[in-house]
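Trainee: Sharing a structure, written as structure tokens. Questions coming.
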Amino acid sequence: MNKVRLEEVIESGDLKEALKITEDVGETLDHSLAPILLRYLATTDSVLLRNAIAVTLAYLGDSEAALPLIDLLRSPETKGNRGTLLYALEFFDVSNHVVMLVDLLDDNFEVSRQSYQLISNVQDKITKAQKDICRQMIRGKLEDHKNKYKRDFLLESLELFT
């Protein structure tokens, strides 16, 4: 795949072709296109393209993708569209970002459960200081009235940090 062609297609707004090329990169594991995909991961306005890029970068195992994925999860603009970003993070070590993941435990069902899964995957790498912060955060969420229906799940999540 030609780097210039990938950029041209994305820049032209041809979403269908951009998605096809991005998926092809994931199937062929063409690592030479990772820098271009990384650039567009953070800049595209298309949720579909961003998700396809996130999954492709995960399949490529490009560790440089982890931090931009975390940054996207922190962005209010991705609210309601975080599931695929969290899925992509399953391919990376997220132990340094566990506090941010705890912040998502009271998000919608999919996001909260995927965050829980990511945390449990790195549970043995979480430091004592991180565990202390996470326990405090979850206790705060338990006290928040908006989370009254999420109480059981939050209590179960709290057990990850004991």
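Naming works like this for the structure tokens: A, B, ... for the chains as they're shown, residue 1 at the start of each chain, ligands 1 onward in shown order.
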Give me the residues within 8 Å of A:Val122 as a ChimeraX atom specification, counting only C-alpha atoms and dropping any in the same chain fewer than 6 places off.

Mentor: /A:93-95

Trainee: Please produce a file of those selected residues containing N, CA and C atoms, as a PDB file, in the first residue's frame.

Mentor:
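Below is the file that was written, out-v9.pdb:
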```pdb
ATOM      1  N   ASP A  93      -0.255  -2.559  27.254  1.00  0.00           N
ATOM      2  CA  ASP A  93      -0.149  -2.488  28.711  1.00  0.00           C
ATOM      3  C   ASP A  93      -0.687  -1.132  29.166  1.00  0.00           C
ATOM      4  N   VAL A  94      -1.801  -1.158  29.868  1.00  0.00           N
ATOM      5  CA  VAL A  94      -2.442   0.087  30.315  1.00  0.00           C
ATOM      6  C   VAL A  94      -2.271   0.311  31.817  1.00  0.00           C
ATOM      7  N   SER A  95      -1.337  -0.398  32.421  1.00  0.00           N
ATOM      8  CA  SER A  95      -1.182  -0.305  33.877  1.00  0.00           C
ATOM      9  C   SER A  95      -0.863   1.112  34.342  1.00  0.00           C
TER      10      SER A  95
END
```

Trainee: For A:Leu89, which of A:Ser75, A:Asn147, A:Asn51, A:Gln123 is the closest residue, counting only C-alpha atoms?

Mentor: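 Closest to A:Leu89, using only C-alpha atoms: A:Asn51.
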
Trainee: Run DSSP on the backbone and tell me which residues of chain A come out as helix (DSSP H, G or I); list them as a PyMOL selection string.

Mentor: chain A and resi 3-12+15-28+31-43+47-60+63-74+76-78+83-89+95-103+109-121+123-125+128-143+145-161

Trainee: Please determine, counting only C-alpha atoms, which residue among A:Gln130, A:Thr44, A:Ser12, A:Thr84 has the shortest atom-to-atom distance to A:Ser115.

Mentor: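 With only C-alpha atoms as the atom set, the closest residue is A:Thr84.
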